[in-house]
$ cat entry-v8.cif   # mmCIF, C-alpha atoms
data_entry
#
loop_
_atom_site.label_atom_id
_atom_site.label_comp_id
_atom_site.auth_asym_id
_atom_site.auth_seq_id
_atom_site.Cartn_x
_atom_site.Cartn_y
_atom_site.Cartn_z
CA MET B 1 24.64 -48.68 98.42
CA ASN B 2 27.33 -49.71 96.00
CA ILE B 3 27.12 -48.83 92.31
CA HIS B 4 29.12 -50.89 89.89
CA LEU B 5 29.94 -49.92 86.28
CA ASN B 6 31.09 -52.53 83.87
CA THR B 7 34.00 -51.96 81.52
CA SER B 8 31.86 -51.23 78.47
CA HIS B 9 30.04 -48.44 80.32
CA LYS B 10 33.32 -46.90 81.36
CA LEU B 11 34.62 -46.89 77.80
CA HIS B 12 31.33 -45.40 76.55
CA LEU B 13 31.47 -42.53 79.03
CA TYR B 14 35.11 -41.92 78.23
CA LYS B 15 34.50 -41.54 74.50
CA ILE B 16 31.94 -38.72 74.87
CA PRO B 17 34.31 -35.93 76.04
CA VAL B 18 37.00 -37.10 73.60
CA LEU B 19 34.60 -36.79 70.66
CA ALA B 20 33.37 -33.42 71.91
CA ILE B 21 36.90 -32.11 72.20
CA ALA B 22 37.78 -33.41 68.72
CA LEU B 23 34.71 -31.75 67.20
CA ALA B 24 35.48 -28.49 68.99
CA LEU B 25 39.06 -28.51 67.73
CA LEU B 26 37.89 -29.23 64.18
CA LEU B 27 35.37 -26.39 64.35
CA MET B 28 37.98 -24.00 65.70
CA SER B 29 40.34 -25.00 62.89
CA LEU B 30 37.71 -24.35 60.23
CA VAL B 31 36.80 -20.99 61.74
CA SER B 32 40.47 -20.05 61.95
CA LYS B 33 41.02 -20.99 58.29
CA LYS B 34 37.94 -19.05 57.25
CA ALA B 35 39.06 -15.98 59.17
CA SER B 36 42.56 -16.12 57.76
CA ALA B 37 41.13 -16.53 54.24
CA GLN B 38 39.25 -13.26 54.70
CA ASP B 39 42.40 -11.34 55.65
CA ARG B 40 44.63 -10.24 52.80
CA THR B 41 47.73 -8.09 52.51
CA ILE B 42 47.81 -6.46 49.10
CA THR B 43 50.27 -4.28 47.20
CA LEU B 44 49.27 -1.31 45.11
CA THR B 45 50.21 -3.13 41.89
CA GLU B 46 48.04 -6.11 42.83
CA ALA B 47 45.14 -3.83 43.75
CA VAL B 48 45.24 -2.01 40.43
CA LYS B 49 45.42 -5.26 38.44
CA LEU B 50 42.52 -6.80 40.39
CA GLY B 51 40.42 -3.66 40.00
CA LEU B 52 40.96 -3.43 36.25
CA ASP B 53 40.30 -7.15 35.73
CA ASN B 54 37.03 -7.01 37.66
CA SER B 55 35.75 -3.61 36.50
CA LYS B 56 32.18 -3.58 35.20
CA VAL B 57 32.77 -0.10 33.79
CA LEU B 58 35.59 -1.38 31.57
CA ARG B 59 33.40 -4.23 30.35
CA LEU B 60 30.79 -1.64 29.38
CA SER B 61 33.49 0.42 27.62
CA GLN B 62 34.56 -2.66 25.66
CA SER B 63 30.94 -3.21 24.67
CA LYS B 64 30.81 0.32 23.26
CA ILE B 65 33.98 -0.36 21.26
CA ASP B 66 32.47 -3.56 19.88
CA GLN B 67 29.36 -1.62 18.91
CA ALA B 68 31.43 1.00 17.09
CA ILE B 69 33.33 -1.73 15.22
CA SER B 70 30.03 -3.33 14.23
CA GLN B 71 28.80 -0.01 12.86
CA TYR B 72 32.05 0.35 10.91
CA ASN B 73 31.59 -3.11 9.39
CA GLN B 74 27.99 -2.27 8.48
CA THR B 75 29.22 0.84 6.68
CA LYS B 76 31.73 -1.25 4.72
CA ASP B 77 28.90 -3.59 3.74
CA LYS B 78 27.08 -0.71 2.04
CA ALA B 79 29.80 -0.61 -0.63
CA LEU B 80 29.13 -4.24 -1.60
CA PRO B 81 26.86 -5.14 -4.54
CA SER B 82 23.17 -5.52 -3.73
CA GLY B 83 21.20 -8.45 -5.11
CA ASN B 84 17.56 -9.44 -5.11
CA VAL B 85 15.53 -12.41 -6.30
CA SER B 86 11.77 -12.88 -6.32
CA PHE B 87 9.12 -15.19 -7.80
CA ALA B 88 5.44 -14.30 -8.03
CA TYR B 89 2.28 -16.16 -9.08
CA ASN B 90 -0.90 -14.38 -10.18
CA ARG B 91 -4.29 -15.84 -11.20
CA ALA B 92 -6.99 -13.77 -12.84
CA GLU B 93 -10.69 -14.72 -13.02
CA ILE B 94 -12.54 -12.91 -15.85
CA PRO B 95 -16.35 -13.31 -15.52
CA TYR B 96 -17.08 -10.89 -18.36
CA ASN B 97 -14.56 -11.75 -20.99
CA THR B 98 -15.96 -10.32 -24.26
CA LEU B 99 -15.03 -6.92 -25.67
CA ALA B 100 -17.12 -5.59 -28.60
CA PHE B 101 -15.48 -3.27 -31.14
CA GLY B 102 -18.21 -2.58 -33.76
CA SER B 103 -18.71 -5.70 -35.73
CA SER B 104 -15.73 -7.41 -34.12
CA ASN B 105 -15.57 -9.05 -30.74
CA ILE B 106 -12.57 -10.02 -28.68
CA HIS B 107 -13.02 -13.00 -26.46
CA LEU B 108 -10.75 -13.40 -23.43
CA PRO B 109 -10.37 -16.63 -21.45
CA LYS B 110 -12.47 -17.15 -18.35
CA ASN B 111 -9.29 -17.21 -16.28
CA ALA B 112 -5.53 -16.79 -16.69
CA ASN B 113 -2.35 -17.66 -14.80
CA ALA B 114 0.98 -15.81 -14.75
CA TYR B 115 4.36 -16.58 -13.21
CA LEU B 116 6.99 -13.88 -12.90
CA GLY B 117 10.55 -14.47 -11.66
CA ILE B 118 13.11 -11.68 -11.27
CA ALA B 119 16.80 -11.82 -10.31
CA SER B 120 18.80 -8.58 -10.17
CA LEU B 121 22.26 -7.42 -9.17
CA SER B 122 23.45 -3.82 -8.90
CA GLU B 123 26.52 -1.95 -7.73
CA THR B 124 27.38 1.72 -7.44
CA ILE B 125 30.47 2.48 -9.50
CA PHE B 126 30.87 6.12 -8.50
CA ALA B 127 29.10 8.20 -5.88
CA GLY B 128 31.50 11.06 -5.26
CA GLY B 129 33.33 9.16 -2.49
CA LYS B 130 30.30 8.92 -0.16
CA TYR B 131 30.97 5.32 0.85
CA LYS B 132 34.66 5.97 1.45
CA TYR B 133 33.90 8.99 3.62
CA ALA B 134 31.27 7.00 5.54
CA GLN B 135 33.86 4.35 6.32
CA GLU B 136 36.36 6.98 7.44
CA SER B 137 33.75 8.58 9.71
CA THR B 138 32.79 5.34 11.45
CA GLN B 139 36.48 4.39 11.81
CA ILE B 140 37.12 7.72 13.54
CA LEU B 141 34.18 7.11 15.88
CA THR B 142 35.63 3.69 16.72
CA SER B 143 38.95 5.32 17.65
CA ILE B 144 37.09 7.82 19.84
CA SER B 145 35.37 4.93 21.64
CA ARG B 146 38.75 3.33 22.31
CA LEU B 147 40.01 6.59 23.83
CA ASP B 148 36.88 6.71 26.01
CA ALA B 149 37.83 3.24 27.28
CA GLU B 150 41.36 4.46 28.04
CA LYS B 151 39.92 7.38 30.02
CA ASP B 152 37.69 4.99 31.98
CA LYS B 153 40.71 2.80 32.70
CA ASP B 154 42.70 5.77 34.01
CA GLN B 155 39.79 6.91 36.17
CA ILE B 156 39.27 3.46 37.68
CA THR B 157 43.00 3.10 38.32
CA TYR B 158 43.04 6.45 40.08
CA GLU B 159 40.01 5.53 42.21
CA ILE B 160 41.76 2.34 43.32
CA ILE B 161 44.97 4.22 44.14
CA SER B 162 43.01 6.85 46.06
CA GLU B 163 41.15 4.27 48.16
CA TYR B 164 44.40 2.34 48.69
CA TYR B 165 46.15 5.41 50.09
CA ASN B 166 43.11 6.35 52.19
CA LEU B 167 43.17 2.90 53.76
CA TYR B 168 46.90 3.20 54.32
CA LYS B 169 46.39 6.55 56.08
CA VAL B 170 43.78 5.05 58.39
CA LEU B 171 45.85 1.97 59.22
CA GLN B 172 48.95 4.04 59.94
CA SER B 173 46.96 6.37 62.16
CA LYS B 174 45.56 3.35 64.03
CA LYS B 175 49.13 2.14 64.66
CA VAL B 176 50.03 5.47 66.20
CA VAL B 177 46.86 5.36 68.32
CA ASP B 178 47.73 1.87 69.58
CA GLN B 179 51.28 2.95 70.41
CA ASN B 180 50.01 5.97 72.31
CA LEU B 181 47.49 3.87 74.24
CA GLU B 182 50.31 1.62 75.41
CA THR B 183 52.33 4.63 76.49
CA ILE B 184 49.38 6.22 78.30
CA ASP B 185 48.56 2.95 80.07
CA ALA B 186 52.11 2.85 81.39
CA GLN B 187 51.80 6.46 82.55
CA ILE B 188 48.47 5.78 84.25
CA HIS B 189 50.05 2.86 86.08
CA GLN B 190 53.01 5.00 87.15
CA SER B 191 50.88 7.99 88.20
CA GLN B 192 48.60 5.71 90.21
CA ARG B 193 51.67 4.34 92.02
CA PHE B 194 52.88 7.90 92.68
CA PHE B 195 49.41 8.82 93.93
CA ASP B 196 49.44 5.87 96.33
CA GLN B 197 52.79 7.15 97.60
CA GLY B 198 51.39 10.67 97.94
CA LEU B 199 53.73 12.13 95.34
CA VAL B 200 50.99 13.36 92.94
CA THR B 201 47.38 14.38 93.26
CA LYS B 202 44.30 12.55 92.03
CA ASN B 203 43.94 15.20 89.32
CA ASP B 204 47.23 14.05 87.79
CA VAL B 205 45.87 10.51 87.50
CA LEU B 206 42.58 11.72 86.04
CA ARG B 207 44.47 13.82 83.51
CA PHE B 208 46.08 10.71 82.01
CA GLN B 209 42.80 8.80 82.10
CA LEU B 210 41.08 11.64 80.24
CA GLN B 211 43.87 11.67 77.68
CA ARG B 212 43.38 7.93 77.15
CA ALA B 213 39.66 8.39 76.61
CA ASN B 214 40.31 11.04 73.96
CA VAL B 215 42.76 8.77 72.15
CA GLU B 216 40.23 5.92 72.29
CA LEU B 217 37.61 8.19 70.67
CA THR B 218 40.04 8.88 67.88
CA GLY B 219 40.55 5.13 67.50
CA ILE B 220 36.79 4.54 67.24
CA ASP B 221 36.49 7.10 64.43
CA LEU B 222 39.46 5.58 62.63
CA GLU B 223 38.00 2.07 62.84
CA SER B 224 34.70 3.31 61.40
CA ASN B 225 36.55 4.96 58.51
CA ARG B 226 38.62 1.81 57.98
CA LYS B 227 35.49 -0.33 57.61
CA ILE B 228 33.98 2.08 55.07
CA ILE B 229 37.15 2.37 52.97
CA ASN B 230 37.86 -1.37 53.23
CA TYR B 231 34.36 -2.18 51.97
CA ASN B 232 34.66 0.27 49.07
CA LEU B 233 38.01 -1.22 48.09
CA ASP B 234 36.63 -4.77 48.25
CA ILE B 235 33.89 -3.75 45.81
CA LEU B 236 36.38 -2.05 43.47
CA LEU B 237 38.67 -5.08 43.45
CA GLY B 238 35.90 -7.67 43.10
CA LEU B 239 36.83 -9.33 46.41
CA PRO B 240 34.37 -10.81 48.94
CA GLU B 241 32.90 -7.95 50.93
CA THR B 242 34.08 -9.51 54.20
CA THR B 243 37.75 -9.46 53.17
CA ARG B 244 39.81 -7.39 55.58
CA LEU B 245 42.63 -5.73 53.67
CA SER B 246 46.05 -4.86 54.98
CA ILE B 247 48.33 -2.52 53.06
CA ALA B 248 51.88 -3.47 52.21
CA GLN B 249 54.42 -0.80 53.08
CA ILE B 250 54.28 2.12 50.67
CA ASN B 251 57.47 3.70 49.46
CA GLU B 252 57.81 7.26 50.62
CA ALA B 253 57.06 9.93 48.05
CA ASN B 254 60.51 10.87 46.78
CA GLN B 255 59.92 11.04 43.04
CA ASN B 256 62.23 13.38 41.18
CA LEU B 257 60.28 16.27 39.72
CA SER B 258 60.95 17.64 36.26
CA ALA B 259 60.11 21.15 35.14
CA LEU B 260 56.43 22.04 34.95
CA SER B 261 56.69 22.52 31.18
CA ASN B 262 57.78 18.88 30.76
CA TYR B 263 54.56 17.64 32.36
CA ILE B 264 52.50 19.93 30.15
CA ASP B 265 54.29 18.68 27.03
CA THR B 266 53.63 15.10 28.12
CA ALA B 267 49.94 15.87 28.57
CA VAL B 268 49.74 17.34 25.06
CA SER B 269 50.99 14.01 23.70
CA TYR B 270 49.08 11.63 25.96
CA ARG B 271 45.84 13.17 27.23
CA GLN B 272 42.90 11.30 25.72
CA GLU B 273 40.73 14.42 25.58
CA LEU B 274 43.15 16.16 23.20
CA LYS B 275 43.47 13.04 21.05
CA GLN B 276 39.69 12.80 20.86
CA LEU B 277 39.38 16.41 19.78
CA ASP B 278 41.93 15.80 17.03
CA LEU B 279 39.81 12.87 15.87
CA ARG B 280 36.65 14.95 16.05
CA ASN B 281 38.36 17.55 13.86
CA LYS B 282 39.09 14.82 11.31
CA TYR B 283 35.48 13.69 11.61
CA ALA B 284 34.30 17.25 10.89
CA GLU B 285 36.58 17.44 7.85
CA THR B 286 35.23 14.14 6.57
CA ASN B 287 31.69 15.37 7.11
CA ILE B 288 32.45 18.40 4.90
CA LYS B 289 33.71 16.06 2.16
CA THR B 290 30.58 13.93 2.47
CA ILE B 291 28.32 16.96 2.04
CA ASN B 292 30.35 18.09 -0.97
CA ALA B 293 29.89 14.63 -2.48
CA ASN B 294 26.13 15.26 -2.62
CA THR B 295 26.69 17.62 -5.57
CA THR B 296 28.43 15.01 -7.73
CA PRO B 297 26.73 12.61 -10.17
CA THR B 298 26.38 8.91 -9.38
CA VAL B 299 26.97 6.00 -11.71
CA ALA B 300 25.59 2.51 -11.07
CA ALA B 301 25.73 -0.75 -13.01
CA SER B 302 22.98 -3.34 -12.91
CA ALA B 303 22.11 -6.74 -14.35
CA GLY B 304 18.75 -8.50 -14.32
CA ALA B 305 17.14 -11.75 -15.46
CA TYR B 306 13.39 -12.32 -15.81
CA TYR B 307 11.20 -15.38 -16.19
CA LEU B 308 7.64 -14.80 -17.48
CA ASP B 309 5.21 -17.72 -17.94
CA ALA B 310 1.51 -17.25 -18.69
CA SER B 311 0.53 -20.92 -18.66
CA GLY B 312 -1.28 -22.71 -15.89
CA ASN B 313 1.59 -25.13 -15.39
CA PRO B 314 4.40 -23.62 -13.26
CA LEU B 315 6.96 -25.93 -14.88
CA PRO B 316 8.57 -24.30 -17.94
CA ARG B 317 7.42 -25.71 -21.30
CA SER B 318 8.80 -24.67 -24.65
CA GLY B 319 6.88 -21.83 -26.22
CA ASN B 320 5.03 -20.81 -23.01
CA PHE B 321 7.60 -18.53 -21.33
CA VAL B 322 10.16 -15.83 -22.05
CA THR B 323 13.44 -15.06 -20.22
CA PRO B 324 14.71 -11.57 -20.98
CA ILE B 325 18.15 -10.66 -19.56
CA THR B 326 19.15 -7.02 -19.05
CA VAL B 327 22.46 -5.27 -18.43
CA GLY B 328 22.60 -1.53 -17.89
CA VAL B 329 24.42 1.49 -16.56
CA THR B 330 22.56 4.30 -14.84
CA ALA B 331 23.93 7.82 -14.42
CA ALA B 332 22.09 10.29 -12.18
CA TRP B 333 22.74 13.81 -10.99
CA ASN B 334 20.73 15.73 -8.45
CA PHE B 335 21.91 19.15 -9.62
CA GLY B 336 19.52 20.84 -7.19
CA ALA B 337 22.13 20.11 -4.51
CA LEU B 338 24.29 22.80 -6.10
CA TRP B 339 22.18 25.50 -4.43
CA THR B 340 20.62 23.52 -1.52
CA ASN B 341 23.95 22.23 -0.19
CA LYS B 342 25.64 25.54 0.66
CA ASN B 343 23.94 25.98 4.05
CA LYS B 344 24.77 22.41 5.03
CA LEU B 345 28.40 23.12 4.19
CA ALA B 346 28.32 26.30 6.25
CA GLU B 347 26.99 24.39 9.27
CA ALA B 348 29.64 21.68 8.86
CA ARG B 349 32.42 24.28 8.77
CA ILE B 350 31.04 25.93 11.92
CA GLN B 351 31.11 22.54 13.69
CA ARG B 352 34.74 22.08 12.61
CA ASP B 353 35.67 25.53 13.98
CA GLU B 354 33.90 24.73 17.27
CA VAL B 355 36.08 21.63 17.66
CA ALA B 356 39.23 23.75 17.22
CA ILE B 357 38.00 26.30 19.80
CA ASN B 358 37.06 23.51 22.21
CA LYS B 359 40.54 22.03 21.91
CA ASN B 360 42.13 25.34 22.91
CA ILE B 361 39.79 25.59 25.91
CA THR B 362 40.56 22.00 26.92
CA LEU B 363 44.30 22.61 26.59
CA ASP B 364 44.08 25.65 28.88
CA ASN B 365 42.14 23.62 31.46
CA ILE B 366 44.71 20.82 31.31
CA LYS B 367 47.55 23.28 31.87
CA ASN B 368 45.75 24.69 34.92
CA GLU B 369 45.09 21.18 36.23
CA ILE B 370 48.73 20.11 35.84
CA ASN B 371 50.03 23.27 37.47
CA GLN B 372 47.69 22.81 40.44
CA ASN B 373 48.67 19.14 40.87
CA TYR B 374 52.35 20.03 40.48
CA GLN B 375 52.15 22.65 43.22
CA ASN B 376 50.14 20.30 45.46
CA TYR B 377 52.85 17.66 45.18
CA LEU B 378 55.59 20.18 45.99
CA THR B 379 53.58 21.35 49.00
CA ALA B 380 53.13 17.75 50.20
CA LEU B 381 56.89 17.11 49.99
CA ASN B 382 57.61 20.30 51.91
CA LYS B 383 55.11 19.29 54.60
CA ILE B 384 56.92 15.99 55.07
CA LYS B 385 60.25 17.74 55.63
CA LEU B 386 58.66 20.17 58.09
CA LEU B 387 56.82 17.43 59.97
CA GLN B 388 59.96 15.32 60.27
CA THR B 389 61.63 18.28 61.92
CA SER B 390 58.63 18.85 64.19
CA ILE B 391 58.65 15.17 65.27
CA GLU B 392 62.31 15.45 66.26
CA GLN B 393 61.53 18.58 68.26
CA ALA B 394 58.41 17.07 69.83
CA GLY B 395 60.29 13.91 70.70
CA GLU B 396 63.11 15.83 72.35
CA ASN B 397 60.63 17.97 74.28
CA ASN B 398 58.76 14.86 75.42
CA ASN B 399 61.97 13.21 76.66
CA ILE B 400 62.95 16.33 78.61
CA LEU B 401 59.54 16.61 80.27
CA ALA B 402 59.45 12.88 81.00
CA SER B 403 62.78 13.21 82.81
CA LYS B 404 61.56 16.28 84.71
CA TYR B 405 58.33 14.50 85.62
CA LYS B 406 60.23 11.56 87.06
CA SER B 407 62.28 14.02 89.08
CA ASN B 408 59.03 15.69 90.18
CA ILE B 409 60.09 18.97 88.53
CA ALA B 410 57.41 19.09 85.77
CA SER B 411 53.71 18.57 86.34
CA ALA B 412 51.65 15.74 84.88
CA THR B 413 49.82 18.31 82.77
CA ASP B 414 53.03 19.44 81.12
CA LYS B 415 54.03 15.86 80.42
CA ALA B 416 50.62 14.99 78.97
CA ASP B 417 50.75 18.05 76.69
CA ALA B 418 54.19 17.04 75.44
CA GLU B 419 52.99 13.53 74.65
CA THR B 420 49.94 14.91 72.84
CA LEU B 421 52.16 17.09 70.66
CA LEU B 422 54.35 14.10 69.77
CA TYR B 423 51.29 11.95 69.08
CA GLN B 424 49.79 14.60 66.80
CA ALA B 425 53.08 15.10 64.94
CA GLN B 426 53.37 11.35 64.31
CA ILE B 427 49.86 11.17 62.88
CA ASN B 428 50.42 14.25 60.73
CA LEU B 429 53.61 12.78 59.27
CA GLU B 430 51.93 9.52 58.26
CA LEU B 431 49.04 11.42 56.69
CA ALA B 432 51.46 13.73 54.87
CA LYS B 433 53.37 10.78 53.41
CA ALA B 434 50.17 9.25 52.09
CA ASP B 435 48.98 12.62 50.78
CA ALA B 436 52.27 13.09 48.95
CA GLY B 437 52.02 9.65 47.36
CA LEU B 438 48.48 10.30 46.20
CA ALA B 439 49.46 13.79 44.98
CA TYR B 440 52.14 12.23 42.79
CA TYR B 441 49.66 9.83 41.19
CA THR B 442 47.24 12.72 40.73
CA LEU B 443 49.95 14.62 38.86
CA LEU B 444 50.70 11.51 36.80
CA LYS B 445 47.02 11.08 35.93
CA SER B 446 46.78 14.69 34.72
CA THR B 447 49.57 14.00 32.20
CA GLY B 448 47.69 11.00 30.74
CA LYS B 449 50.44 8.52 31.66
CA LEU B 450 48.90 6.85 34.70
CA ASN B 451 48.64 3.47 32.93
CA LYS B 452 51.61 3.88 30.58
#

$ encode --input "entry-v8.cif" --output "structure tokens"
Amino acid sequence: MNIHLNTSHKLHLYKIPVLAIALALLLMSLVSKKASAQDRTITLTEAVKLGLDNSKVLRLSQSKIDQAISQYNQTKDKALPSGNVSFAYNRAEIPYNTLAFGSSNIHLPKNANAYLGIASLSETIFAGGKYKYAQESTQILTSISRLDAEKDKDQITYEIISEYYNLYKVLQSKKVVDQNLETIDAQIHQSQRFFDQGLVTKNDVLRFQLQRANVELTGIDLESNRKIINYNLDILLGLPETTRLSIAQINEANQNLSALSNYIDTAVSYRQELKQLDLRNKYAETNIKTINANTTPTVAASAGAYYLDASGNPLPRSGNFVTPITVGVTAAWNFGALWTNKNKLAEARIQRDEVAINKNITLDNIKNEINQNYQNYLTALNKIKLLQTSIEQAGENNNILASKYKSNIASATDKADAETLLYQAQINLELAKADAGLAYYTLLKSTGKLNK
């Protein structure tokens, strides 16, 4: 049997795989673009800027500042004149409208209408400075809210830096793990060849395989930590949660250290907690002035205009209404405050003294914090120097044992131990570098100059 296909059928069958291949390539291209869009290499400066721009905490802090400013403006409004205007209509029905006084009777109308309009304006001329002190108090509270926002900004910045360095530590450790896996794979291949030639035992081969399994376990733990830290950093920076972050190379911690006293002096000038306590001391002083103002007289000026119409027609008609206008000054003095105010003053002075004591306690705590962070940074730098020396020693030892192993002088166990020591020293150095970098930023944060 012969089967014949015409030309159109041949072209139709030919187009199907071409279209399928084109669609597959397009899909692969889209997937590749999507994957690359989710990978991002980021610097520490970029991370901090992104985190601060996308921080919900800072938006909440700004809301608190706006609220404090609103309260300050409301306090200023209290010093403005107050005005009021009203208009009232009253109708009276009088069923019994005759009053008898002996032989005389007074007859009232069966009903009556009354319209009363009042417009008034008043302003306090003197109140012992209460309004001025109220404005000062709310202005101080606004400044305290701004310092709270600065503290939140420093804390968020530090959290970003901390997560950034943690991710860097994990990624660097993973690089060392990958390098060691390559080395071990080469050793397994070589030991297997020696085993086939009868130069080593099966135990030597198994020793390298066991070492590889242990390194792989370390890699699994590191990958789990990387995913956790990466996710946390994505949330902090406001990035899509599937973004895989890579860390740009971090400069080694080689900051020049000043004397400890210089960092303490800087903290005294910049720490927000100390600035806030200074403001709270001013607030306490203002509160004392406000309480003292309660014992002073007050003077207020007022002006009023009245419209009184007793006719049934609400429209003014000559002879049916009166419009008295009043202007006055009122002086008042609650002299009872002279003996009821003394305990309030005593309480206000106690609160002021507590602020001063609290500042001394806070200053001591800050000094302890700076000293601890200072010593931690020195320790981290010393660890780096020591670990660099240990890597040189471990590397030299590994080279010697590798040469002996090739010459069949050293055992596979000795060689594996030497490689493990070098591997551990490499990891420890990378971790120490990251720890030193983070320790420096921790010291900087304790001085109050992290974002300055």

$ residues_around --input "entry-v8.cif" --residues "Ala112 in chain B" --least-positions-apart "5" --cutoff "7 Å" --atoms "only C-alpha atoms" --output "list of chain:residue names"
B:Arg91, B:Ala92, B:Glu93

$ closest_residue --input "entry-v8.cif" --among "B:Leu108, B:Ala310, B:Leu422, B:Ala303" --to "Val327 in chain B" --atoms "all atoms listed in the file"
B:Ala303

$ resolve_selection --input "entry-v8.cif" --expression "the PyMOL selection byres ((chain B and resi 332) around 12)" --output "PyMOL selection string"
chain B and resi 124-128+294-301+329-331+333-336

$ write_last_selection --input "entry-v8.cif" --atoms "C-alpha atoms" --output "PDB file, in the coordinates of the input"
ATOM      1  CA  THR B 124      27.380   1.720  -7.440  1.00  0.00           C
ATOM      2  CA  ILE B 125      30.470   2.480  -9.500  1.00  0.00           C
ATOM      3  CA  PHE B 126      30.870   6.120  -8.500  1.00  0.00           C
ATOM      4  CA  ALA B 127      29.100   8.200  -5.880  1.00  0.00           C
ATOM      5  CA  GLY B 128      31.500  11.060  -5.260  1.00  0.00           C
ATOM      6  CA  ASN B 294      26.130  15.260  -2.620  1.00  0.00           C
ATOM      7  CA  THR B 295      26.690  17.620  -5.570  1.00  0.00           C
ATOM      8  CA  THR B 296      28.430  15.010  -7.730  1.00  0.00           C
ATOM      9  CA  PRO B 297      26.730  12.610 -10.170  1.00  0.00           C
ATOM     10  CA  THR B 298      26.380   8.910  -9.380  1.00  0.00           C
ATOM     11  CA  VAL B 299      26.970   6.000 -11.710  1.00  0.00           C
ATOM     12  CA  ALA B 300      25.590   2.510 -11.070  1.00  0.00           C
ATOM     13  CA  ALA B 301      25.730  -0.750 -13.010  1.00  0.00           C
ATOM     14  CA  VAL B 329      24.420   1.490 -16.560  1.00  0.00           C
ATOM     15  CA  THR B 330      22.560   4.300 -14.840  1.00  0.00           C
ATOM     16  CA  ALA B 331      23.930   7.820 -14.420  1.00  0.00           C
ATOM     17  CA  TRP B 333      22.740  13.810 -10.990  1.00  0.00           C
ATOM     18  CA  ASN B 334      20.730  15.730  -8.450  1.00  0.00           C
ATOM     19  CA  PHE B 335      21.910  19.150  -9.620  1.00  0.00           C
ATOM     20  CA  GLY B 336      19.520  20.840  -7.190  1.00  0.00           C
TER      21      GLY B 336
END

$ residues_near_point --input "entry-v8.cif" --point "(30.6, 10.9, 1.8)" --cutoff "10 Å" --atoms "all atoms listed in the file" --output "VMD selection string"
chain B and resid 127 to 137 286 to 294

$ residues_around --input "entry-v8.cif" --residues "Glu430 in chain B" --least-positions-apart "6" --cutoff "8 Å" --atoms "all atoms listed in the file" --output "list in words"
Lys169, Gln172 and Ser173 of chain B

$ residues_around --input "entry-v8.cif" --residues "Gln255 in chain B" --least-positions-apart "5" --cutoff "12 Å" --atoms "only C-alpha atoms" --output "VMD selection string"
chain B and resid 377 to 378 380 to 381 436 to 441 443 to 444

$ closest_residue --input "entry-v8.cif" --among "B:Lys56, B:Lys452, B:His107, B:Lys433" --to "Leu237 in chain B" --atoms "only C-alpha atoms"
B:Lys56

$ atom_distance --input "entry-v8.cif" --atom1 "CA of Ala119 in chain B" --atom2 "CA of Ala305 in chain B"
5.2 Å

$ residues_near_point --input "entry-v8.cif" --point "(35.2, 19.1, 12.9)" --cutoff "10 Å" --atoms "all atoms listed in the file" --output "PyMOL selection string"
chain B and resi 277-288+348-356

$ residues_around --input "entry-v8.cif" --residues "Gln67 in chain B" --least-positions-apart "5" --cutoff "10 Å" --atoms "only C-alpha atoms" --output "JSON, numbers by chain"
{"B": [61, 62, 72, 73, 142, 145]}
